[in-house]
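Notes for the one structure printed next.
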Amino acid sequence: MHAPPVPPHRPAAVAAADAHETDRHAPQPRLGVHLAGDGVDVAALASHATAVELCLVDVVEGEGAARFRERRVALSGPAYGVWRAHVPGVRAGQRYGFRVHGPWDPAAGLRHNPAKLLVDPYARGLVGELVDDPAIRGHAGTDAYGPPDERDSLPFVPHSVVVPEPTGPLAPRPRVPWSRTVVYEAHVRGLTQRLEALPEHLRGTYAGVAHPTTIEHLRSLGVTTLELLPVHANVPEPHLLGSGRTNYWGYSTLGFFAPHAAYATRAAQEAGPEAVLDEVRGMVHLLHEAGIEVLLDVVHNHTCEGGADGYHLSWRGLDNPLYYLHDGGSPARLADVTGTGNTLDFRRPAVIRAALDSLRYWAQVVGVDGFRFDLAVTLGRGADGFDAHHPFLVALQTDPVLCGLKLVAEPWDVGPGGWRTGQFPPPFAEWNDRFRDAVRQFWLADAREAAHGRSGHGVRDLATRLAGSADLFGHSDPPLLRGPVASVSYVTAHDGFTLADLVAYEHKHNLANGEQNRDGTDDNRSWNHGLEGPAEPPGAEIAPLRRRSIRNVLATLLLSAGTPMLTAGDEMGRTQRGNNNAYVADDETSWVSWDLSPWRKDLLATARYLLGLRREHAALRPDTFFTGRPRPGAPDGVPDLAWFDVDAGPLDHAAWHDPRVRTLQMLRTAPVAGARDVLVVLAGGLDPVDVTLPGLRAAAGEGAEEWALAWDSTWEHPGEHVEADGDGLGRPGDVAALEPLSLRVYVSPTTTS
C-alpha cells in the first residue's frame, strides 16, 4: 500500500530556490514539466488553488502489487493562476503528478482535493491503468456535492512521465492538394489487428499502420490521407470501467499531449513513454515517405472525467470552474453540449491556449498533417452560442504553424443550435452529413420505399450533393470561396452502419453494447433488400443486388465533387453484423477483416478502379464550384456542368421537384485543356430504363462527342466491359439500356483542346 510521507491536507514547504516572491511580470511559462538544465521546469495552472505540489513518484520494487514512494515539492505562486518551480535532479522517465490544495465547495464549482494525484494536462507520456476504485473520485459516497473523499488515489490512476523532446528527423509533409485528397478513416488497432501478413507483434500497433504491407494497401487503393481515430491517451468512461469494458474508439481523453500507449508495440510499452512517442513519430515518418498524409481525430470538446459524479483525475482537481463549462446557476452544475457529462469551456483563454498548444505539439514534434475536430461546434461556442469568428477558430486560421494544415470540422454538437454544417470559416473543410443522408436516401431508403409501392424524394437533393453542396459550402465573402473540396463527403464513418451493413440491415443490432439496444441512431436510411442480416440460403438470391447497391453507393461517393472519405474496410465489405454503434467492441466486430472471399476481392478491385478514374479525370475532382455556364476564358463555350433527363433533354422545374423521377444524367466537361468530359448516369428505379445519351459540344460547333463506357455498377469486377455499336463507343442520341438500380460512367475518348 502507498503511504504518503506528507499528510494529504498539508502542503510541503516551498523549495528553497523558489521561496522568493513571485515575479508577476515574468513571461508566462510553458505549462507542464519539461527538462531544463540540471532538472525540470514545472508550471501548473490552478487559479483557484491555495497550494500546488509536484509529486515525484517512484516504483518500489518487490513482490505482489506495485508499491510507490512519493516525494513532494511545493510550487511557488500563483502568478496569473500559474504555480511554478525549477526542480533539480529530475530526469527523463520520472513519474509525477500534482496535488492541489484549496476550497472544497462543489456548490461554488470548487473541487480541490489534495488526496488525489492529478495527471498533468501537458504530460507528454502516461503510464499505468485507471483502476475502478472509489478513490478515483473526488467526492465521498454517491453525492457529488457531498464531502471530499480522503483516500489517496495514487495507486489507482495513471501517472504522468517526464519525456524529452524527440530529435530524430521527419520526412517532409506530402502536402496533397485538396482536389486530389482521398481520406481514409481508420483505427490504429482495428486496421491491422487481423492482418496476418504482418508479424504478429506489429498487428494493431502504430508500427503496423506504417508496415510496408499496410502502406501498399493504402497506396494501391488510392488513399492520400489517413485519418486516425483518437490516439491521445484515453481511459474508459465510468459506466464502462465498472463493467470491465473500454471505449474502443478513444473519445475519452485523459492526455492531449500523450500518445495512447496501448497502441504501441509491446517492446515500446515496456521501454516507456519515450519509446511510445518514437513509434508514433516513426509511423508518421514512414507514411510521409510513402506520400500519405496523417490527420488526427482530436477530442478537445470534453474530457474523460464525465459529469460531476465522475472521475477526479486532472482538470477537475486543478481548476474545475476554469476548465469546464457551467450553467451559471447555484449550485454550480456542468453544462453539457457534448453528451458526455462535461464540456471544456472555450470562452476561457486558458482552454483555448491548451488546445492550441496541443495541436502545435502534434504538428511540430510528431509531424502530423492536420486534424479532424470532434464536435467542433463546441470549440466555437461563446456566450451567445456558436460563432464562426470565435477566437479559437480565428487562431486556427492565423496561427503560422496550424493555418497551413488540413483542418476538418465535425460541424455539430448536441447543444442548442448545434447543427452548423457549412458554417465554418475557410480554410476548414467539414464532414458533410447532408451528403451521407442524400446518397443513402436515393439508393437505399427510397428504393426500399419503392419496393413497397411508396414514392421517394426524387433527384434534386442528390444532384446538389453530386455537384459539391454549394448550398452549404458556397456561403462566404466573396461567395463560393471555399469550393466543393470543403465538403468531406462520406456515406459511412466509425459510427453507424458499415457499407456492407447498409445493404443488409434496416434495424440496429446493438445488444452486445450492453445498453439494451437503446444506443445508436435509428435513422439509418438503409435497405436490407428483403431479408434482415446475412444473405444465406434461402435468401442468397438477393446477394447480387446487395452487391450492386454497395457499388452504387461507393461510386456515388468517389465520383462526386468534394473530398471523399472512405471508412477502413468498406472497400473490402467489412461487416459489424448490424451494430451501428460499436464503440465498445475492441474485437473482431470492429477490426478490419483481410480474409477476402471472391466478392470482397471484386469489391476491392472496384474501389481501386473508381479511385483510379477519379485521379485520371480532372472533371471528377473540381476545386471550384460549378456554375452551369462556360468557364471564364474557356474557348469551347460549353458549360462546366449540365443535367439531363432520360431523353437527353434538360430537367425542367417540375422534374427537379417530382419525387417519382429516379433517373439523372450528369455531364461534367473537361476543366482544362487535355482533359476529358465525363458523363455519369444514375438509374434509381426498380425497373430497367432506356436512356438517351446527351451531348453538348455539337451545339458549340465542335462536332458530336463520342462516349466510351468506363464503368457500370452491374459489373461484379471492373475488368468486365460493354461494347456499343461494335466499336465500344456511344454517341449523343444513342439509347443505352440500363438495369434497375445501376450507375454508369462514360468518358469522352478524346481530350479537349
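Labeling convention for the C-alpha cells: chains A, B, ... as they appear, residues from 1 per chain, ligands from 1 in order of appearance.
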Find the residues near stretch 177-184 of chain A: any atom within 6 Å, counting only C-alpha atoms, skip ones fewer than 6 places away on the same chain, and give them as a PDB file with C-alpha atoms, in the first residue's frame.
```pdb
ATOM      1  CA  VAL A 223      -5.652   6.830 -50.426  1.00  0.00           C
ATOM      2  CA  THR A 224      -3.731  10.072 -49.978  1.00  0.00           C
ATOM      3  CA  THR A 225      -4.669  10.944 -46.397  1.00  0.00           C
ATOM      4  CA  LEU A 226      -5.016   8.629 -43.405  1.00  0.00           C
ATOM      5  CA  GLU A 227      -7.348   9.956 -40.706  1.00  0.00           C
ATOM      6  CA  PRO A 564     -14.288  11.704 -50.447  1.00  0.00           C
ATOM      7  CA  MET A 565     -13.777   9.835 -47.181  1.00  0.00           C
ATOM      8  CA  LEU A 566     -13.756   6.046 -47.024  1.00  0.00           C
ATOM      9  CA  THR A 567     -14.135   4.113 -43.777  1.00  0.00           C
ATOM     10  CA  ARG A 621     -12.286  16.355 -58.826  1.00  0.00           C
ATOM     11  CA  ASP A 623     -11.720  22.568 -56.814  1.00  0.00           C
TER      12      ASP A 623
END
```
Give me the residues near stretch 379-388 of chain A as a ChimeraX atom specification, where near means some atom within 12 Å (using only C-alpha atoms) and where sequence neighbours in that chain fewer than 5 positions away do not count. /A:298-302,325-328,337-338,343-349,351-352,355-356,373-374,393-397,409-413,415-426,428,476
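Closest approach to A:Ser526 among A:Leu613, A:Ala447, A:Ala561, A:Leu481 is made by A:Ala447 (distances from only C-alpha atoms).
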Quick one: residues within 10 Å of A:Tyr248, only C-alpha atoms counted, chain neighbours fewer than 3 positions away excluded, as a list in words? His187, Arg189, Gly190, Leu229, Pro230, Asn234, Val235, Pro236, Arg245, Tyr251, Ser252, Ala582, Tyr583, Val584, Ala585, Asp586, Asp587 and Ser590 of chain A
Between atom CA of A:Leu241 and atom CA of A:Ala308, what is the distance in Å, rounded to a tenth?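 Taking atom CA of A:Leu241 and atom CA of A:Ala308, their separation equals 16.6 Å.
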Using DSSP on the backbone coordinates, identify the residues of stretch 497-731 of chain A assigned to strand (DSSP E or B); present them as a short mmCIF file (atom, residue, chain, number, x, y, z; two decimals) with all heavy atoms, in the first residue's frame.
```cif
data_model
loop_
_atom_site.label_atom_id
_atom_site.label_comp_id
_atom_site.auth_asym_id
_atom_site.auth_seq_id
_atom_site.Cartn_x
_atom_site.Cartn_y
_atom_site.Cartn_z
N THR A 563 -14.45 16.17 -51.27
CA THR A 563 -13.33 15.39 -50.78
C THR A 563 -13.88 14.08 -50.22
O THR A 563 -14.52 14.08 -49.17
CB THR A 563 -12.58 16.15 -49.67
OG1 THR A 563 -12.12 17.40 -50.18
CG2 THR A 563 -11.40 15.34 -49.17
N PRO A 564 -13.68 12.95 -50.91
CA PRO A 564 -14.29 11.70 -50.45
C PRO A 564 -13.57 11.13 -49.23
O PRO A 564 -12.34 11.22 -49.11
CB PRO A 564 -14.14 10.78 -51.66
CG PRO A 564 -12.92 11.28 -52.37
CD PRO A 564 -12.93 12.77 -52.16
N MET A 565 -14.33 10.54 -48.33
CA MET A 565 -13.78 9.83 -47.18
C MET A 565 -14.33 8.42 -47.14
O MET A 565 -15.54 8.20 -47.09
CB MET A 565 -14.11 10.54 -45.87
CG MET A 565 -13.43 9.89 -44.66
SD MET A 565 -13.89 10.60 -43.06
CE MET A 565 -15.47 9.79 -42.78
N LEU A 566 -13.42 7.45 -47.17
CA LEU A 566 -13.76 6.05 -47.02
C LEU A 566 -13.53 5.63 -45.58
O LEU A 566 -12.60 6.09 -44.92
CB LEU A 566 -12.88 5.18 -47.92
CG LEU A 566 -13.24 5.04 -49.38
CD1 LEU A 566 -12.07 4.38 -50.13
CD2 LEU A 566 -14.49 4.20 -49.54
N THR A 567 -14.36 4.72 -45.09
CA THR A 567 -14.13 4.11 -43.78
C THR A 567 -13.38 2.81 -43.96
O THR A 567 -13.72 2.01 -44.84
CB THR A 567 -15.46 3.85 -43.07
OG1 THR A 567 -16.20 5.07 -42.97
CG2 THR A 567 -15.24 3.30 -41.67
N PRO A 630 -20.35 28.45 -69.17
CA PRO A 630 -18.97 28.25 -69.64
C PRO A 630 -17.98 28.84 -68.64
O PRO A 630 -18.23 29.88 -68.02
CB PRO A 630 -18.92 29.00 -70.98
CG PRO A 630 -20.34 29.00 -71.45
CD PRO A 630 -21.18 29.12 -70.21
N PRO A 639 -20.82 24.65 -71.08
CA PRO A 639 -20.95 24.83 -69.63
C PRO A 639 -20.09 23.82 -68.88
O PRO A 639 -19.76 22.76 -69.40
CB PRO A 639 -22.44 24.61 -69.37
CG PRO A 639 -22.92 23.80 -70.51
CD PRO A 639 -22.10 24.21 -71.69
N LEU A 641 -21.04 22.19 -66.25
CA LEU A 641 -21.89 21.11 -65.74
C LEU A 641 -23.26 21.22 -66.39
O LEU A 641 -23.80 22.33 -66.54
CB LEU A 641 -22.03 21.23 -64.21
CG LEU A 641 -23.03 20.29 -63.53
CD1 LEU A 641 -22.55 18.85 -63.58
CD2 LEU A 641 -23.27 20.72 -62.08
N ALA A 642 -23.82 20.09 -66.78
CA ALA A 642 -25.18 20.06 -67.33
C ALA A 642 -25.89 18.82 -66.84
O ALA A 642 -25.27 17.76 -66.65
CB ALA A 642 -25.14 20.09 -68.86
N TRP A 643 -27.21 18.96 -66.64
CA TRP A 643 -28.06 17.86 -66.18
C TRP A 643 -29.05 17.49 -67.28
O TRP A 643 -29.58 18.37 -67.96
CB TRP A 643 -28.83 18.26 -64.93
CG TRP A 643 -27.97 18.73 -63.79
CD1 TRP A 643 -27.70 20.02 -63.45
CD2 TRP A 643 -27.28 17.92 -62.85
NE1 TRP A 643 -26.88 20.08 -62.35
CE2 TRP A 643 -26.60 18.79 -61.96
CE3 TRP A 643 -27.15 16.54 -62.67
CZ2 TRP A 643 -25.82 18.33 -60.91
CZ3 TRP A 643 -26.37 16.08 -61.62
CH2 TRP A 643 -25.71 16.97 -60.75
N PHE A 644 -29.32 16.21 -67.42
CA PHE A 644 -30.23 15.74 -68.45
C PHE A 644 -31.17 14.68 -67.89
O PHE A 644 -30.83 13.96 -66.94
CB PHE A 644 -29.45 15.14 -69.63
CG PHE A 644 -28.49 16.11 -70.28
CD1 PHE A 644 -27.16 16.16 -69.87
CD2 PHE A 644 -28.92 16.97 -71.28
CE1 PHE A 644 -26.28 17.06 -70.45
CE2 PHE A 644 -28.05 17.86 -71.87
CZ PHE A 644 -26.72 17.91 -71.46
N THR A 663 -34.19 8.87 -62.49
CA THR A 663 -33.06 8.77 -63.41
C THR A 663 -32.49 10.15 -63.66
O THR A 663 -33.22 11.12 -63.84
CB THR A 663 -33.49 8.13 -64.74
OG1 THR A 663 -34.08 6.85 -64.47
CG2 THR A 663 -32.30 7.96 -65.67
N LEU A 664 -31.17 10.22 -63.67
CA LEU A 664 -30.48 11.51 -63.77
C LEU A 664 -29.19 11.31 -64.55
O LEU A 664 -28.47 10.32 -64.35
CB LEU A 664 -30.16 12.04 -62.37
CG LEU A 664 -29.42 13.38 -62.27
CD1 LEU A 664 -30.33 14.51 -62.73
CD2 LEU A 664 -28.97 13.60 -60.82
N GLN A 665 -28.90 12.25 -65.46
CA GLN A 665 -27.63 12.24 -66.16
C GLN A 665 -26.87 13.53 -65.81
O GLN A 665 -27.41 14.63 -65.91
CB GLN A 665 -27.83 12.17 -67.67
CG GLN A 665 -28.57 10.92 -68.12
CD GLN A 665 -28.50 10.74 -69.62
OE1 GLN A 665 -27.47 10.33 -70.16
NE2 GLN A 665 -29.60 11.04 -70.32
N MET A 666 -25.62 13.36 -65.40
CA MET A 666 -24.75 14.48 -65.03
C MET A 666 -23.56 14.50 -65.97
O MET A 666 -22.78 13.55 -66.02
CB MET A 666 -24.28 14.34 -63.58
CG MET A 666 -23.27 15.40 -63.15
SD MET A 666 -22.71 15.18 -61.43
CE MET A 666 -21.83 13.62 -61.56
N LEU A 667 -23.39 15.59 -66.72
CA LEU A 667 -22.28 15.73 -67.65
C LEU A 667 -21.36 16.82 -67.14
O LEU A 667 -21.75 17.98 -67.03
CB LEU A 667 -22.78 16.07 -69.06
CG LEU A 667 -21.81 15.83 -70.23
CD1 LEU A 667 -22.57 15.85 -71.56
CD2 LEU A 667 -20.68 16.84 -70.28
N ARG A 668 -20.14 16.45 -66.83
CA ARG A 668 -19.12 17.41 -66.40
C ARG A 668 -18.11 17.55 -67.54
O ARG A 668 -17.51 16.56 -67.97
CB ARG A 668 -18.40 16.94 -65.14
CG ARG A 668 -19.29 16.82 -63.92
CD ARG A 668 -18.42 16.55 -62.72
NE ARG A 668 -19.17 16.08 -61.58
CZ ARG A 668 -18.60 15.56 -60.49
NH1 ARG A 668 -17.28 15.44 -60.43
NH2 ARG A 668 -19.34 15.16 -59.49
N VAL A 678 -16.83 13.86 -68.75
CA VAL A 678 -17.31 12.66 -68.04
C VAL A 678 -18.82 12.76 -67.91
O VAL A 678 -19.36 13.81 -67.52
CB VAL A 678 -16.67 12.53 -66.64
CG1 VAL A 678 -17.24 11.32 -65.92
CG2 VAL A 678 -15.15 12.41 -66.76
N LEU A 679 -19.50 11.67 -68.22
CA LEU A 679 -20.96 11.56 -68.09
C LEU A 679 -21.27 10.47 -67.08
O LEU A 679 -20.81 9.33 -67.23
CB LEU A 679 -21.59 11.22 -69.44
CG LEU A 679 -23.09 10.92 -69.44
CD1 LEU A 679 -23.90 12.17 -69.10
CD2 LEU A 679 -23.53 10.35 -70.80
N VAL A 680 -22.03 10.83 -66.05
CA VAL A 680 -22.46 9.86 -65.04
C VAL A 680 -23.98 9.72 -65.15
O VAL A 680 -24.70 10.72 -65.10
CB VAL A 680 -22.07 10.31 -63.62
CG1 VAL A 680 -22.54 9.29 -62.59
CG2 VAL A 680 -20.55 10.50 -63.52
N VAL A 681 -24.44 8.48 -65.32
CA VAL A 681 -25.87 8.19 -65.47
C VAL A 681 -26.32 7.36 -64.28
O VAL A 681 -25.75 6.29 -64.01
CB VAL A 681 -26.16 7.44 -66.78
CG1 VAL A 681 -27.66 7.27 -66.97
CG2 VAL A 681 -25.54 8.16 -67.98
N LEU A 682 -27.32 7.85 -63.57
CA LEU A 682 -27.83 7.16 -62.39
C LEU A 682 -29.26 6.73 -62.66
O LEU A 682 -30.12 7.56 -62.99
CB LEU A 682 -27.80 8.08 -61.16
CG LEU A 682 -26.44 8.67 -60.78
CD1 LEU A 682 -26.26 10.06 -61.38
CD2 LEU A 682 -26.28 8.73 -59.27
N ALA A 683 -29.50 5.44 -62.52
CA ALA A 683 -30.83 4.87 -62.70
C ALA A 683 -31.27 4.29 -61.36
O ALA A 683 -30.86 3.19 -60.99
CB ALA A 683 -30.82 3.80 -63.79
N VAL A 689 -34.44 0.89 -67.61
CA VAL A 689 -34.77 2.17 -68.22
C VAL A 689 -33.87 2.40 -69.43
O VAL A 689 -32.68 2.09 -69.39
CB VAL A 689 -34.62 3.33 -67.20
CG1 VAL A 689 -33.20 3.41 -66.67
CG2 VAL A 689 -35.05 4.64 -67.79
N ASP A 690 -34.44 2.90 -70.50
CA ASP A 690 -33.68 3.29 -71.69
C ASP A 690 -33.34 4.77 -71.58
O ASP A 690 -34.22 5.62 -71.40
CB ASP A 690 -34.49 3.03 -72.96
CG ASP A 690 -34.67 1.55 -73.25
OD1 ASP A 690 -33.83 0.76 -72.78
OD2 ASP A 690 -35.65 1.19 -73.93
N VAL A 691 -32.08 5.07 -71.70
CA VAL A 691 -31.58 6.42 -71.53
C VAL A 691 -30.92 6.88 -72.83
O VAL A 691 -30.07 6.18 -73.38
CB VAL A 691 -30.57 6.50 -70.37
CG1 VAL A 691 -29.98 7.89 -70.26
CG2 VAL A 691 -31.23 6.10 -69.06
N THR A 692 -31.32 8.04 -73.30
CA THR A 692 -30.69 8.64 -74.48
C THR A 692 -29.47 9.44 -74.05
O THR A 692 -29.57 10.35 -73.21
CB THR A 692 -31.68 9.56 -75.21
OG1 THR A 692 -32.84 8.80 -75.58
CG2 THR A 692 -31.05 10.15 -76.46
N TRP A 707 -18.87 8.72 -76.64
CA TRP A 707 -18.81 8.29 -75.25
C TRP A 707 -18.31 6.86 -75.17
O TRP A 707 -18.86 5.97 -75.81
CB TRP A 707 -20.19 8.37 -74.59
CG TRP A 707 -20.74 9.75 -74.43
CD1 TRP A 707 -21.85 10.27 -75.01
CD2 TRP A 707 -20.19 10.78 -73.62
NE1 TRP A 707 -22.05 11.57 -74.63
CE2 TRP A 707 -21.04 11.92 -73.76
CE3 TRP A 707 -19.08 10.89 -72.79
CZ2 TRP A 707 -20.81 13.12 -73.10
CZ3 TRP A 707 -18.84 12.09 -72.14
CH2 TRP A 707 -19.69 13.19 -72.28
N ALA A 708 -17.25 6.66 -74.39
CA ALA A 708 -16.75 5.32 -74.10
C ALA A 708 -17.24 4.91 -72.72
O ALA A 708 -17.09 5.66 -71.75
CB ALA A 708 -15.22 5.29 -74.14
N LEU A 709 -17.84 3.74 -72.63
CA LEU A 709 -18.33 3.25 -71.34
C LEU A 709 -17.13 2.86 -70.48
O LEU A 709 -16.38 1.94 -70.81
CB LEU A 709 -19.26 2.06 -71.52
CG LEU A 709 -19.83 1.44 -70.24
CD1 LEU A 709 -20.65 2.45 -69.46
CD2 LEU A 709 -20.66 0.21 -70.57
N ALA A 710 -16.95 3.58 -69.38
CA ALA A 710 -15.81 3.34 -68.50
C ALA A 710 -16.14 2.38 -67.36
O ALA A 710 -15.26 1.67 -66.87
CB ALA A 710 -15.31 4.66 -67.92
N TRP A 711 -17.42 2.39 -66.93
CA TRP A 711 -17.76 1.52 -65.80
C TRP A 711 -19.27 1.42 -65.68
O TRP A 711 -20.00 2.35 -66.01
CB TRP A 711 -17.19 2.08 -64.49
CG TRP A 711 -17.39 1.19 -63.31
CD1 TRP A 711 -16.74 0.03 -63.01
CD2 TRP A 711 -18.35 1.39 -62.24
NE1 TRP A 711 -17.21 -0.51 -61.84
CE2 TRP A 711 -18.19 0.31 -61.35
CE3 TRP A 711 -19.29 2.37 -61.97
CZ2 TRP A 711 -18.96 0.19 -60.21
CZ3 TRP A 711 -20.05 2.25 -60.82
CH2 TRP A 711 -19.90 1.17 -59.94
N ASP A 712 -19.71 0.27 -65.19
CA ASP A 712 -21.14 0.00 -64.96
C ASP A 712 -21.26 -0.73 -63.63
O ASP A 712 -20.53 -1.70 -63.38
CB ASP A 712 -21.69 -0.86 -66.10
CG ASP A 712 -23.21 -0.99 -66.08
OD1 ASP A 712 -23.79 -1.12 -64.98
OD2 ASP A 712 -23.82 -0.97 -67.17
N LEU A 729 -18.04 2.47 -78.62
CA LEU A 729 -18.35 3.87 -78.43
C LEU A 729 -19.85 4.11 -78.57
O LEU A 729 -20.53 3.46 -79.36
CB LEU A 729 -17.60 4.74 -79.44
CG LEU A 729 -16.07 4.69 -79.37
CD1 LEU A 729 -15.49 5.53 -80.49
CD2 LEU A 729 -15.57 5.17 -78.02
N GLY A 730 -20.35 5.08 -77.80
CA GLY A 730 -21.70 5.57 -77.97
C GLY A 730 -21.66 7.03 -78.35
O GLY A 730 -20.66 7.71 -78.13
#
```
Spatial neighbours of A:Glu237, 12 Å, only C-alpha atoms, chain gap at least 6 places, as a list in words: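 Counting only the stated atoms, we get Leu130, Val131, Asp132, Ser243, Gly244, Arg245, Thr246, Asn247, Tyr248, Trp249, Gly250, Tyr251, Ser252, Thr253, Leu254, His302, Thr303, Cys304, Glu305, Gly306, Gly307, Asp309, Gly310, Tyr311, Thr340, Gly341, Asn342, Tyr583 and Val584 of chain A.
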Export, as a PDB file, in the first residue's frame, the selected residues with C-alpha atoms.
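Okay, again-v4.pdb is ready:
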```
ATOM      1  CA  LEU A 130      -7.058   3.514 -14.333  1.00  0.00           C
ATOM      2  CA  VAL A 131      -8.414   1.157 -11.669  1.00  0.00           C
ATOM      3  CA  ASP A 132     -12.095   1.094 -10.734  1.00  0.00           C
ATOM      4  CA  SER A 243     -18.126  -3.323 -16.201  1.00  0.00           C
ATOM      5  CA  GLY A 244     -14.596  -4.058 -17.374  1.00  0.00           C
ATOM      6  CA  ARG A 245     -15.157  -2.675 -20.876  1.00  0.00           C
ATOM      7  CA  THR A 246     -13.373   0.019 -22.830  1.00  0.00           C
ATOM      8  CA  ASN A 247     -14.109   2.868 -25.224  1.00  0.00           C
ATOM      9  CA  TYR A 248     -12.610   1.288 -28.347  1.00  0.00           C
ATOM     10  CA  TRP A 249     -12.974   4.466 -30.396  1.00  0.00           C
ATOM     11  CA  GLY A 250     -10.993   6.503 -27.858  1.00  0.00           C
ATOM     12  CA  TYR A 251     -13.238   9.560 -27.495  1.00  0.00           C
ATOM     13  CA  SER A 252     -12.477   9.847 -23.774  1.00  0.00           C
ATOM     14  CA  THR A 253      -9.257  11.817 -23.468  1.00  0.00           C
ATOM     15  CA  LEU A 254      -7.000  11.876 -20.413  1.00  0.00           C
ATOM     16  CA  HIS A 302     -14.670  17.320 -23.423  1.00  0.00           C
ATOM     17  CA  THR A 303     -12.515  15.079 -21.231  1.00  0.00           C
ATOM     18  CA  CYS A 304     -12.751  11.615 -19.746  1.00  0.00           C
ATOM     19  CA  GLU A 305     -13.785  12.926 -16.307  1.00  0.00           C
ATOM     20  CA  GLY A 306     -17.505  12.742 -17.055  1.00  0.00           C
ATOM     21  CA  GLY A 307     -20.193  14.557 -15.099  1.00  0.00           C
ATOM     22  CA  ASP A 309     -20.171  12.404 -10.203  1.00  0.00           C
ATOM     23  CA  GLY A 310     -17.344  11.237 -12.459  1.00  0.00           C
ATOM     24  CA  TYR A 311     -13.588  10.957 -12.133  1.00  0.00           C
ATOM     25  CA  THR A 340     -20.573  13.127 -22.226  1.00  0.00           C
ATOM     26  CA  GLY A 341     -21.339  14.858 -18.920  1.00  0.00           C
ATOM     27  CA  ASN A 342     -18.869  17.725 -19.328  1.00  0.00           C
ATOM     28  CA  TYR A 583     -17.771   1.938 -29.611  1.00  0.00           C
ATOM     29  CA  VAL A 584     -17.127  -0.755 -27.006  1.00  0.00           C
TER      30      VAL A 584
END
```
Tell me, counting only C-alpha atoms, for each residue of stretch 636-732 of chain A within 6 Å of stretch 451-475 of chain A, which pair of atoms is nearest and how far apart they are in Å to one decimal, in rows ordered by chain and increasing number, as JSON lines.
```
{"residue": "A:Trp656", "atom": "CA", "partner": "A:Arg460", "partner_atom": "CA", "distance": 5.4}
{"residue": "A:Asp658", "atom": "CA", "partner": "A:Gly458", "partner_atom": "CA", "distance": 5.8}
{"residue": "A:Pro659", "atom": "CA", "partner": "A:Gly458", "partner_atom": "CA", "distance": 3.8}
{"residue": "A:Arg660", "atom": "CA", "partner": "A:Gly458", "partner_atom": "CA", "distance": 5.8}
{"residue": "A:Val661", "atom": "CA", "partner": "A:Gly458", "partner_atom": "CA", "distance": 5.1}
{"residue": "A:Arg662", "atom": "CA", "partner": "A:Gly458", "partner_atom": "CA", "distance": 5.9}
```
Using the selection just defined, write its residues with C-alpha atoms as a compact mmCIF listing (two decimals), in the first residue's frame.
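The resulting file, out.txt, is shown below:
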```
# COMPACT_ATOMS: atom_id res chain seq x y z
CA TRP A 656 -36.48 18.57 -60.36
CA ASP A 658 -41.02 15.31 -58.87
CA PRO A 659 -40.42 12.54 -56.27
CA ARG A 660 -41.12 9.94 -58.96
CA VAL A 661 -38.11 10.95 -61.07
CA ARG A 662 -35.43 8.34 -60.45
```
Would you pick out the contacts of A:Arg266 at 12 Å or less, using only C-alpha atoms, so that residues sharing its chain but fewer than 4 positions from it are not included, and give the list as a JSON list (two decimals) with N, CA and C atoms, in the first residue's frame?
```json
[["chain", "number", "residue", "atom", "x", "y", "z"],
["A", 200, "GLU", "N", 3.24, -10.85, -36.05],
["A", 200, "GLU", "CA", 2.22, -10.79, -35.00],
["A", 200, "GLU", "C", 2.45, -9.65, -34.03],
["A", 201, "HIS", "N", 3.72, -9.35, -33.71],
["A", 201, "HIS", "CA", 3.98, -8.32, -32.70],
["A", 201, "HIS", "C", 3.71, -6.91, -33.21],
["A", 202, "LEU", "N", 3.48, -6.77, -34.52],
["A", 202, "LEU", "CA", 3.19, -5.45, -35.08],
["A", 202, "LEU", "C", 1.70, -5.23, -35.32],
["A", 203, "ARG", "N", 0.91, -6.27, -35.24],
["A", 203, "ARG", "CA", -0.52, -6.13, -35.55],
["A", 203, "ARG", "C", -1.20, -5.25, -34.50],
["A", 204, "GLY", "N", -2.02, -4.33, -34.99],
["A", 204, "GLY", "CA", -2.78, -3.47, -34.09],
["A", 204, "GLY", "C", -1.97, -2.37, -33.45],
["A", 205, "THR", "N", -0.84, -1.99, -34.06],
["A", 205, "THR", "CA", 0.06, -1.01, -33.46],
["A", 205, "THR", "C", 0.33, 0.15, -34.41],
["A", 206, "TYR", "N", 0.95, 1.20, -33.84],
["A", 206, "TYR", "CA", 1.40, 2.30, -34.69],
["A", 206, "TYR", "C", 2.36, 1.79, -35.75],
["A", 207, "ALA", "N", 3.28, 0.92, -35.35],
["A", 207, "ALA", "CA", 4.25, 0.37, -36.30],
["A", 207, "ALA", "C", 3.55, -0.44, -37.37],
["A", 261, "ALA", "N", -0.71, 4.68, -25.17],
["A", 261, "ALA", "CA", 0.37, 3.69, -25.15],
["A", 261, "ALA", "C", -0.08, 2.31, -25.58],
["A", 262, "ALA", "N", -1.36, 1.97, -25.39],
["A", 262, "ALA", "CA", -1.83, 0.62, -25.71],
["A", 262, "ALA", "C", -1.75, 0.31, -27.20],
["A", 270, "GLU", "N", 7.01, -1.43, -22.92],
["A", 270, "GLU", "CA", 7.90, -1.81, -21.83],
["A", 270, "GLU", "C", 9.06, -0.84, -21.68],
["A", 271, "ALA", "N", 9.48, -0.24, -22.79],
["A", 271, "ALA", "CA", 10.58, 0.72, -22.74],
["A", 271, "ALA", "C", 10.14, 2.05, -22.17],
["A", 272, "GLY", "N", 8.84, 2.36, -22.26],
["A", 272, "GLY", "CA", 8.33, 3.57, -21.64],
["A", 272, "GLY", "C", 7.83, 4.60, -22.62],
["A", 273, "PRO", "N", 7.25, 5.70, -22.11],
["A", 273, "PRO", "CA", 6.61, 6.71, -22.97],
["A", 273, "PRO", "C", 7.51, 7.31, -24.04],
["A", 275, "ALA", "N", 9.74, 5.78, -25.82],
["A", 275, "ALA", "CA", 9.73, 4.83, -26.93],
["A", 275, "ALA", "C", 8.38, 4.81, -27.63],
["A", 276, "VAL", "N", 7.29, 4.99, -26.87],
["A", 276, "VAL", "CA", 5.97, 5.05, -27.48],
["A", 276, "VAL", "C", 5.89, 6.25, -28.42],
["A", 279, "GLU", "N", 7.72, 5.63, -31.60],
["A", 279, "GLU", "CA", 7.00, 4.76, -32.53],
["A", 279, "GLU", "C", 5.93, 5.54, -33.29]]
```
9 Å contact set for A:Gly109, only C-alpha atoms, chain neighbours under 3 positions out, as a VMD selection string: chain A and resid 104 to 106 320 to 321 326 331 to 334
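Among the candidates A:Ala144, A:Tyr746, A:Glu449, A:Leu287, the residue lying nearest to A:Thr214 is A:Leu287 (atoms considered: only C-alpha atoms).
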